[in-house]
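One structure is given here, and the rest of the page talks about it.
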Amino acid sequence: MGILQNRFDEENVIFTNVDTLLNLGKEHSLWYLLFATACCGIELMQWGASKYDSDRFGMIPRSTPRQADLMIVAGTITLKMASRVKRLYEQMPEPKWVISMGSCANAGGPFCKYSYSVLKGIDKYIPVDVYVPGCPPRPEALIEGVFKLREVIHEERVLRKQGKTPKPRTPIVVEDPHAHDPFARHSGGAKLVKA
Amino acid sequence: MGIDFKALQETVKQRFGEQVLAWSEFRGQYGLHVKSGRIVEVLRFLRDDPATKFVMLTDVTCVDGLKLPETMEQGFPERFAVVYHLYSLEHNDRLRVKAFVPEDPCEIDSAAGLWAAANWGEREVFDLFGINFRGHPDLRRILMPANYEGHPLRKDYPLKGRGERDNFPKYTEIPEA
């Protein structure tokens, strides 16, 4: 937004409405970086393909970070990969958001305790907005993560000044809706009906 | 089809004599155990000899024989074994060549001049086992970051690493001007 960003003190009907309008635009056109490093990437593909269809949320995969608003870190990040991830993140234009997808990106996952090469969570290296747990998370969980991120974006102040103490970007942890329903996890949410 | 390994054993023994330590056979897969001194000559012979024609190098890897049980120590005269997996397209047969490398000096001649595929394979072995390949065109780390210290697949390397992951730099937000 350049020179207009966070310049206005007033909380009047014009600025609030313009902010809402701009935020609506941002949250409904989250183009994400097509970037996956491990098995979470398979779920990411599933999520982008016809069954879960990320396009209907206005989310189009971009192959270059220069056109992307959202980075979904899907998979294990090793120490060598970390600097590459950071370079990709820095190439993305503002405003930008990060979803950490899966246990590996959240905290190192199965490699957390015994490994010499895996980063203990991507949040040590780039700032994360939403954590999606799971190993790997189902596409539904990722959709939930995206909707949480939309709520974050909706609250952002674009033209209006930040509050006296600007709200820190507090990360959100998504709950897997099917975590305790093993049958649902394997059948895409279909319920078993007894004959 | 197939290579006559009995005849090959004789030829290799005649040509390389005391370089050959043993031949192994397991379910029709043959292995040649050699000393590391003339490894390039051995590999070049296996690649170029019309009876073998191992023109394809499938993999270069390494085994660390530190603290092997006594029953297995017999077949492991030195600490490391660099393993070359060869494949003959013409004869549709495979051979595993093991070259034993001592801990000090931890060196072996590079096979990158014979097969281009050896380049990255040897870099990986260098990265993870710390074996120096003499004459390698570009011996750098390939999997670990360039500033990494140590060779993590050695058996005396601690399982959790040496704290590299805990000391990894944290993200700090750049303060706005």
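Every chain in the structure tokens takes a letter, A first, then B, and so on in the order presented; its residues are numbered from 1, and the ligands are numbered from 1 following the presented order.
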Contact residues (chain B, partner chain A, 10 Å, only C-alpha atoms) as a ChimeraX atom specification: /B:142-148,152-153,157-166,168-173
Non-local contacts of segment 46-60 of chain B (12 Å; only C-alpha atoms; under 3 positions in same chain excluded) as a ChimeraX atom specification: /B:1-9,11-12,15-16,32,39-43,63,81-99,110-126,133
Which of segment 32-166 of chain B DSSP labels strand (DSSP E), written as a short mmCIF file (atom, residue, chain, number, x, y, z; two decimals) with all heavy atoms, in the first residue's frame:
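Result saved to part.cif:
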```cif
data_model
loop_
_atom_site.label_atom_id
_atom_site.label_comp_id
_atom_site.auth_asym_id
_atom_site.auth_seq_id
_atom_site.Cartn_x
_atom_site.Cartn_y
_atom_site.Cartn_z
N LEU B 32 33.01 -58.38 -4.79
CA LEU B 32 34.47 -58.45 -4.89
C LEU B 32 35.06 -57.53 -3.84
O LEU B 32 34.78 -56.33 -3.83
CB LEU B 32 34.91 -58.02 -6.30
CG LEU B 32 36.39 -57.72 -6.54
CD1 LEU B 32 37.24 -58.92 -6.24
CD2 LEU B 32 36.60 -57.27 -7.97
N HIS B 33 35.86 -58.10 -2.92
CA HIS B 33 36.47 -57.29 -1.87
C HIS B 33 37.93 -57.05 -2.24
O HIS B 33 38.67 -58.01 -2.46
CB HIS B 33 36.40 -58.02 -0.53
CG HIS B 33 35.00 -58.28 -0.08
ND1 HIS B 33 34.69 -58.69 1.19
CD2 HIS B 33 33.81 -58.16 -0.72
CE1 HIS B 33 33.39 -58.83 1.30
NE2 HIS B 33 32.82 -58.52 0.14
N VAL B 34 38.30 -55.78 -2.33
CA VAL B 34 39.67 -55.46 -2.73
C VAL B 34 40.28 -54.47 -1.74
O VAL B 34 39.58 -53.83 -0.97
CB VAL B 34 39.74 -54.85 -4.15
CG1 VAL B 34 39.37 -55.88 -5.18
CG2 VAL B 34 38.84 -53.65 -4.26
N LYS B 35 41.61 -54.34 -1.84
CA LYS B 35 42.28 -53.26 -1.12
C LYS B 35 42.05 -51.97 -1.90
O LYS B 35 41.73 -51.99 -3.09
CB LYS B 35 43.77 -53.56 -1.01
CG LYS B 35 44.09 -54.75 -0.13
CD LYS B 35 45.58 -55.00 -0.11
CE LYS B 35 45.90 -56.26 0.67
NZ LYS B 35 47.32 -56.66 0.51
N MET B 56 27.78 -49.27 -16.21
CA MET B 56 26.92 -48.37 -15.42
C MET B 56 27.26 -48.47 -13.94
O MET B 56 27.31 -49.57 -13.39
CB MET B 56 25.46 -48.75 -15.64
CG MET B 56 24.49 -47.86 -14.95
SD MET B 56 22.84 -48.23 -15.56
CE MET B 56 21.88 -47.74 -14.19
N LEU B 57 27.51 -47.31 -13.35
CA LEU B 57 27.72 -47.26 -11.90
C LEU B 57 26.39 -46.86 -11.26
O LEU B 57 25.94 -45.74 -11.43
CB LEU B 57 28.81 -46.24 -11.56
CG LEU B 57 29.10 -46.07 -10.08
CD1 LEU B 57 29.83 -47.26 -9.52
CD2 LEU B 57 29.92 -44.82 -9.85
N THR B 58 25.78 -47.81 -10.56
CA THR B 58 24.47 -47.51 -9.99
C THR B 58 24.59 -46.66 -8.74
O THR B 58 23.79 -45.76 -8.53
CB THR B 58 23.75 -48.82 -9.62
OG1 THR B 58 24.12 -49.81 -10.55
CG2 THR B 58 22.27 -48.64 -9.65
N ASP B 59 25.59 -46.95 -7.91
CA ASP B 59 25.65 -46.25 -6.63
C ASP B 59 27.06 -46.34 -6.07
O ASP B 59 27.76 -47.32 -6.30
CB ASP B 59 24.65 -46.88 -5.65
CG ASP B 59 24.43 -46.00 -4.44
OD1 ASP B 59 24.84 -44.83 -4.49
OD2 ASP B 59 23.85 -46.47 -3.46
N VAL B 60 27.44 -45.30 -5.35
CA VAL B 60 28.64 -45.35 -4.53
C VAL B 60 28.19 -45.11 -3.11
O VAL B 60 27.49 -44.14 -2.83
CB VAL B 60 29.67 -44.27 -4.91
CG1 VAL B 60 30.93 -44.44 -4.08
CG2 VAL B 60 30.00 -44.33 -6.36
N THR B 61 28.54 -46.00 -2.21
CA THR B 61 28.16 -45.78 -0.83
C THR B 61 29.29 -46.29 0.07
O THR B 61 30.37 -46.58 -0.42
CB THR B 61 26.81 -46.46 -0.51
OG1 THR B 61 26.50 -46.24 0.85
CG2 THR B 61 26.87 -47.93 -0.78
N CYS B 62 29.03 -46.33 1.34
CA CYS B 62 30.13 -46.62 2.27
C CYS B 62 29.57 -47.33 3.49
O CYS B 62 28.40 -47.16 3.84
CB CYS B 62 30.82 -45.32 2.67
SG CYS B 62 32.24 -45.56 3.72
N VAL B 63 30.40 -48.16 4.12
CA VAL B 63 30.02 -48.85 5.34
C VAL B 63 31.07 -48.53 6.39
O VAL B 63 32.26 -48.56 6.11
CB VAL B 63 29.94 -50.38 5.12
CG1 VAL B 63 29.51 -51.07 6.38
CG2 VAL B 63 29.02 -50.72 3.99
N ASP B 64 30.60 -48.20 7.58
CA ASP B 64 31.52 -47.97 8.69
C ASP B 64 31.56 -49.24 9.53
O ASP B 64 30.54 -49.67 10.07
CB ASP B 64 31.04 -46.78 9.53
CG ASP B 64 32.05 -46.42 10.60
OD1 ASP B 64 33.05 -47.14 10.75
OD2 ASP B 64 31.84 -45.40 11.28
N PHE B 80 36.62 -48.65 7.14
CA PHE B 80 35.58 -48.27 6.17
C PHE B 80 35.63 -49.18 4.95
O PHE B 80 36.69 -49.67 4.59
CB PHE B 80 35.76 -46.83 5.71
CG PHE B 80 35.60 -45.83 6.78
CD1 PHE B 80 36.70 -45.20 7.32
CD2 PHE B 80 34.35 -45.50 7.27
CE1 PHE B 80 36.55 -44.26 8.32
CE2 PHE B 80 34.20 -44.57 8.27
CZ PHE B 80 35.30 -43.95 8.80
N ALA B 81 34.48 -49.37 4.34
CA ALA B 81 34.42 -50.04 3.05
C ALA B 81 33.63 -49.15 2.11
O ALA B 81 32.45 -48.89 2.34
CB ALA B 81 33.76 -51.40 3.18
N VAL B 82 34.29 -48.66 1.06
CA VAL B 82 33.57 -47.92 0.01
C VAL B 82 33.01 -48.94 -0.96
O VAL B 82 33.72 -49.81 -1.44
CB VAL B 82 34.52 -46.94 -0.70
CG1 VAL B 82 33.78 -46.22 -1.80
CG2 VAL B 82 35.08 -45.94 0.27
N VAL B 83 31.71 -48.86 -1.20
CA VAL B 83 31.02 -49.88 -1.99
C VAL B 83 30.59 -49.29 -3.32
O VAL B 83 29.93 -48.25 -3.36
CB VAL B 83 29.79 -50.41 -1.23
CG1 VAL B 83 29.23 -51.62 -1.94
CG2 VAL B 83 30.15 -50.76 0.20
N TYR B 84 30.97 -49.95 -4.39
CA TYR B 84 30.55 -49.54 -5.73
C TYR B 84 29.58 -50.59 -6.25
O TYR B 84 29.89 -51.77 -6.25
CB TYR B 84 31.75 -49.47 -6.69
CG TYR B 84 32.84 -48.51 -6.25
CD1 TYR B 84 33.81 -48.94 -5.36
CD2 TYR B 84 32.88 -47.22 -6.71
CE1 TYR B 84 34.81 -48.08 -4.95
CE2 TYR B 84 33.88 -46.35 -6.31
CZ TYR B 84 34.84 -46.79 -5.42
OH TYR B 84 35.82 -45.94 -5.01
N HIS B 85 28.41 -50.16 -6.66
CA HIS B 85 27.44 -51.07 -7.26
C HIS B 85 27.52 -50.91 -8.77
O HIS B 85 27.22 -49.83 -9.29
CB HIS B 85 26.03 -50.75 -6.78
CG HIS B 85 25.83 -51.02 -5.33
ND1 HIS B 85 25.40 -52.23 -4.86
CD2 HIS B 85 26.04 -50.25 -4.24
CE1 HIS B 85 25.33 -52.19 -3.54
NE2 HIS B 85 25.71 -51.00 -3.14
N LEU B 86 27.91 -51.97 -9.45
CA LEU B 86 28.09 -51.91 -10.89
C LEU B 86 26.99 -52.72 -11.59
O LEU B 86 26.50 -53.70 -11.05
CB LEU B 86 29.45 -52.49 -11.28
CG LEU B 86 30.66 -51.91 -10.56
CD1 LEU B 86 31.92 -52.56 -11.07
CD2 LEU B 86 30.73 -50.42 -10.76
N TYR B 87 26.65 -52.25 -12.78
CA TYR B 87 25.65 -52.96 -13.56
C TYR B 87 26.13 -53.07 -15.00
O TYR B 87 26.63 -52.08 -15.56
CB TYR B 87 24.31 -52.22 -13.51
CG TYR B 87 23.22 -52.89 -14.32
CD1 TYR B 87 22.88 -54.22 -14.08
CD2 TYR B 87 22.56 -52.21 -15.32
CE1 TYR B 87 21.89 -54.83 -14.83
CE2 TYR B 87 21.56 -52.82 -16.06
CZ TYR B 87 21.24 -54.14 -15.81
OH TYR B 87 20.26 -54.75 -16.55
N SER B 88 26.01 -54.26 -15.54
CA SER B 88 26.40 -54.48 -16.93
C SER B 88 25.15 -54.53 -17.79
O SER B 88 24.34 -55.46 -17.67
CB SER B 88 27.17 -55.79 -17.05
OG SER B 88 27.39 -56.07 -18.40
N ASP B 93 23.85 -58.11 -15.59
CA ASP B 93 24.34 -58.69 -14.34
C ASP B 93 24.95 -57.58 -13.49
O ASP B 93 25.34 -56.55 -14.00
CB ASP B 93 25.38 -59.77 -14.64
CG ASP B 93 25.06 -61.04 -13.88
OD1 ASP B 93 24.50 -60.92 -12.77
OD2 ASP B 93 25.35 -62.13 -14.41
N ARG B 94 24.99 -57.88 -12.20
CA ARG B 94 25.47 -56.85 -11.27
C ARG B 94 26.67 -57.36 -10.49
O ARG B 94 26.84 -58.56 -10.30
CB ARG B 94 24.36 -56.44 -10.30
CG ARG B 94 23.24 -55.69 -10.97
CD ARG B 94 22.09 -55.48 -10.03
NE ARG B 94 20.91 -55.03 -10.75
CZ ARG B 94 20.65 -53.75 -11.07
NH1 ARG B 94 21.50 -52.82 -10.72
NH2 ARG B 94 19.56 -53.43 -11.73
N LEU B 95 27.45 -56.41 -10.00
CA LEU B 95 28.59 -56.76 -9.15
C LEU B 95 28.76 -55.67 -8.10
O LEU B 95 28.55 -54.49 -8.38
CB LEU B 95 29.88 -56.87 -9.99
CG LEU B 95 31.16 -57.19 -9.21
CD1 LEU B 95 31.09 -58.58 -8.61
CD2 LEU B 95 32.37 -57.09 -10.12
N ARG B 96 29.10 -56.12 -6.90
CA ARG B 96 29.32 -55.18 -5.81
C ARG B 96 30.80 -55.19 -5.47
O ARG B 96 31.33 -56.25 -5.13
CB ARG B 96 28.48 -55.61 -4.61
CG ARG B 96 28.53 -54.72 -3.42
CD ARG B 96 27.36 -54.99 -2.50
NE ARG B 96 27.16 -56.41 -2.24
CZ ARG B 96 26.05 -57.07 -2.51
NH1 ARG B 96 25.02 -56.46 -3.03
NH2 ARG B 96 25.94 -58.36 -2.24
N VAL B 97 31.46 -54.07 -5.61
CA VAL B 97 32.90 -53.99 -5.33
C VAL B 97 33.09 -53.25 -4.02
O VAL B 97 32.62 -52.12 -3.87
CB VAL B 97 33.66 -53.28 -6.46
CG1 VAL B 97 35.14 -53.24 -6.15
CG2 VAL B 97 33.42 -53.97 -7.78
N LYS B 98 33.76 -53.89 -3.07
CA LYS B 98 34.04 -53.24 -1.79
C LYS B 98 35.52 -52.96 -1.69
O LYS B 98 36.33 -53.87 -1.84
CB LYS B 98 33.64 -54.16 -0.63
CG LYS B 98 32.18 -54.10 -0.25
CD LYS B 98 31.96 -54.86 1.05
CE LYS B 98 30.47 -54.93 1.36
NZ LYS B 98 30.22 -55.70 2.58
N ALA B 99 35.85 -51.69 -1.46
CA ALA B 99 37.25 -51.31 -1.28
C ALA B 99 37.43 -50.86 0.17
O ALA B 99 36.73 -49.96 0.62
CB ALA B 99 37.63 -50.20 -2.24
N PHE B 100 38.36 -51.47 0.87
CA PHE B 100 38.52 -51.18 2.30
C PHE B 100 39.49 -50.04 2.51
O PHE B 100 40.59 -50.02 1.96
CB PHE B 100 38.96 -52.44 3.04
CG PHE B 100 37.87 -53.46 3.08
CD1 PHE B 100 37.80 -54.45 2.12
CD2 PHE B 100 36.89 -53.40 4.06
CE1 PHE B 100 36.77 -55.37 2.14
CE2 PHE B 100 35.86 -54.31 4.07
CZ PHE B 100 35.80 -55.31 3.11
N VAL B 101 39.05 -49.06 3.30
CA VAL B 101 39.81 -47.84 3.52
C VAL B 101 40.12 -47.74 5.01
O VAL B 101 39.21 -47.86 5.83
CB VAL B 101 39.01 -46.61 3.06
CG1 VAL B 101 39.78 -45.34 3.30
CG2 VAL B 101 38.62 -46.73 1.61
N GLU B 107 41.66 -42.15 2.78
CA GLU B 107 41.74 -41.69 1.39
C GLU B 107 41.57 -42.86 0.43
O GLU B 107 41.96 -43.98 0.72
CB GLU B 107 43.10 -41.04 1.12
CG GLU B 107 43.24 -39.68 1.74
CD GLU B 107 44.52 -39.00 1.30
OE1 GLU B 107 45.47 -39.69 0.89
OE2 GLU B 107 44.57 -37.78 1.39
N ILE B 108 41.02 -42.53 -0.73
CA ILE B 108 40.90 -43.51 -1.81
C ILE B 108 40.88 -42.73 -3.11
O ILE B 108 40.50 -41.55 -3.13
CB ILE B 108 39.64 -44.38 -1.64
CG1 ILE B 108 39.62 -45.53 -2.63
CG2 ILE B 108 38.38 -43.55 -1.76
CD1 ILE B 108 38.51 -46.53 -2.38
N ASP B 109 41.29 -43.38 -4.21
CA ASP B 109 41.27 -42.68 -5.50
C ASP B 109 39.84 -42.53 -5.98
O ASP B 109 38.99 -43.38 -5.76
CB ASP B 109 42.09 -43.46 -6.52
CG ASP B 109 43.58 -43.27 -6.29
OD1 ASP B 109 43.96 -42.16 -5.88
OD2 ASP B 109 44.33 -44.23 -6.48
N ASN B 132 38.20 -39.02 1.91
CA ASN B 132 38.71 -38.12 0.87
C ASN B 132 38.97 -38.89 -0.40
O ASN B 132 39.66 -39.91 -0.38
CB ASN B 132 40.00 -37.47 1.36
CG ASN B 132 39.71 -36.39 2.35
OD1 ASN B 132 38.96 -35.47 2.07
ND2 ASN B 132 40.27 -36.52 3.54
N PHE B 133 38.41 -38.39 -1.48
CA PHE B 133 38.61 -39.02 -2.78
C PHE B 133 39.68 -38.24 -3.52
O PHE B 133 39.45 -37.09 -3.91
CB PHE B 133 37.30 -39.07 -3.55
CG PHE B 133 36.33 -40.05 -3.00
CD1 PHE B 133 35.45 -39.69 -2.00
CD2 PHE B 133 36.33 -41.36 -3.43
CE1 PHE B 133 34.57 -40.61 -1.46
CE2 PHE B 133 35.44 -42.28 -2.90
CZ PHE B 133 34.56 -41.90 -1.91
N ARG B 134 40.81 -38.88 -3.69
CA ARG B 134 41.93 -38.21 -4.38
C ARG B 134 41.57 -38.01 -5.84
O ARG B 134 41.10 -38.94 -6.50
CB ARG B 134 43.19 -39.06 -4.27
CG ARG B 134 43.88 -38.98 -2.93
CD ARG B 134 45.22 -39.70 -3.00
NE ARG B 134 45.03 -41.11 -3.27
CZ ARG B 134 45.21 -42.08 -2.36
NH1 ARG B 134 45.61 -41.78 -1.16
NH2 ARG B 134 45.02 -43.34 -2.69
#
```
Close residues, Leu21 of chain A itself excluded, 12 Å, only C-alpha atoms, min 4 positions apart in chain, as a ChimeraX atom specification: /A:14-17,25-28,153-159
For segment 47-51 of chain A: contacts at 8 Å, only C-alpha atoms, fewer than 2 positions along chain excluded, given as a ChimeraX atom specification: /A:43-45,53-55,61,139,142
Straight-line distance linking atom CA of Ile42 of chain A with atom CA of Ile60 of chain A, stated in Å to one decimal: 16.7 Å
Within 10 Å of Asp129 of chain A using only C-alpha atoms, minus same-chain residues under 3 positions, as a VMD selection string: chain A and resid 96 to 100 123 126 145 148 to 149 152 169 to 173
Nearby residues (only C-alpha atoms) at most 7 Å from His151 of chain B, same-chain spacing under 4 positions excluded, as a PyMOL selection string: chain B and resi 127-130
Atom CA of Met92 of chain A to atom CA of Thr64 of chain A, straight-line distance in Å: 8.5 Å
Alpha helix (DSSP H) positions in segment 5-129 of chain A, given as a VMD selection string: chain A and resid 13 to 27 40 to 48 79 to 91 102 to 107
Å distance separating atom CA of Arg140 of chain B from atom CA of Lys67 of chain B, one decimal place: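 Value for the atom CA of Arg140 of chain B-atom CA of Lys67 of chain B distance: 28.2 Å.
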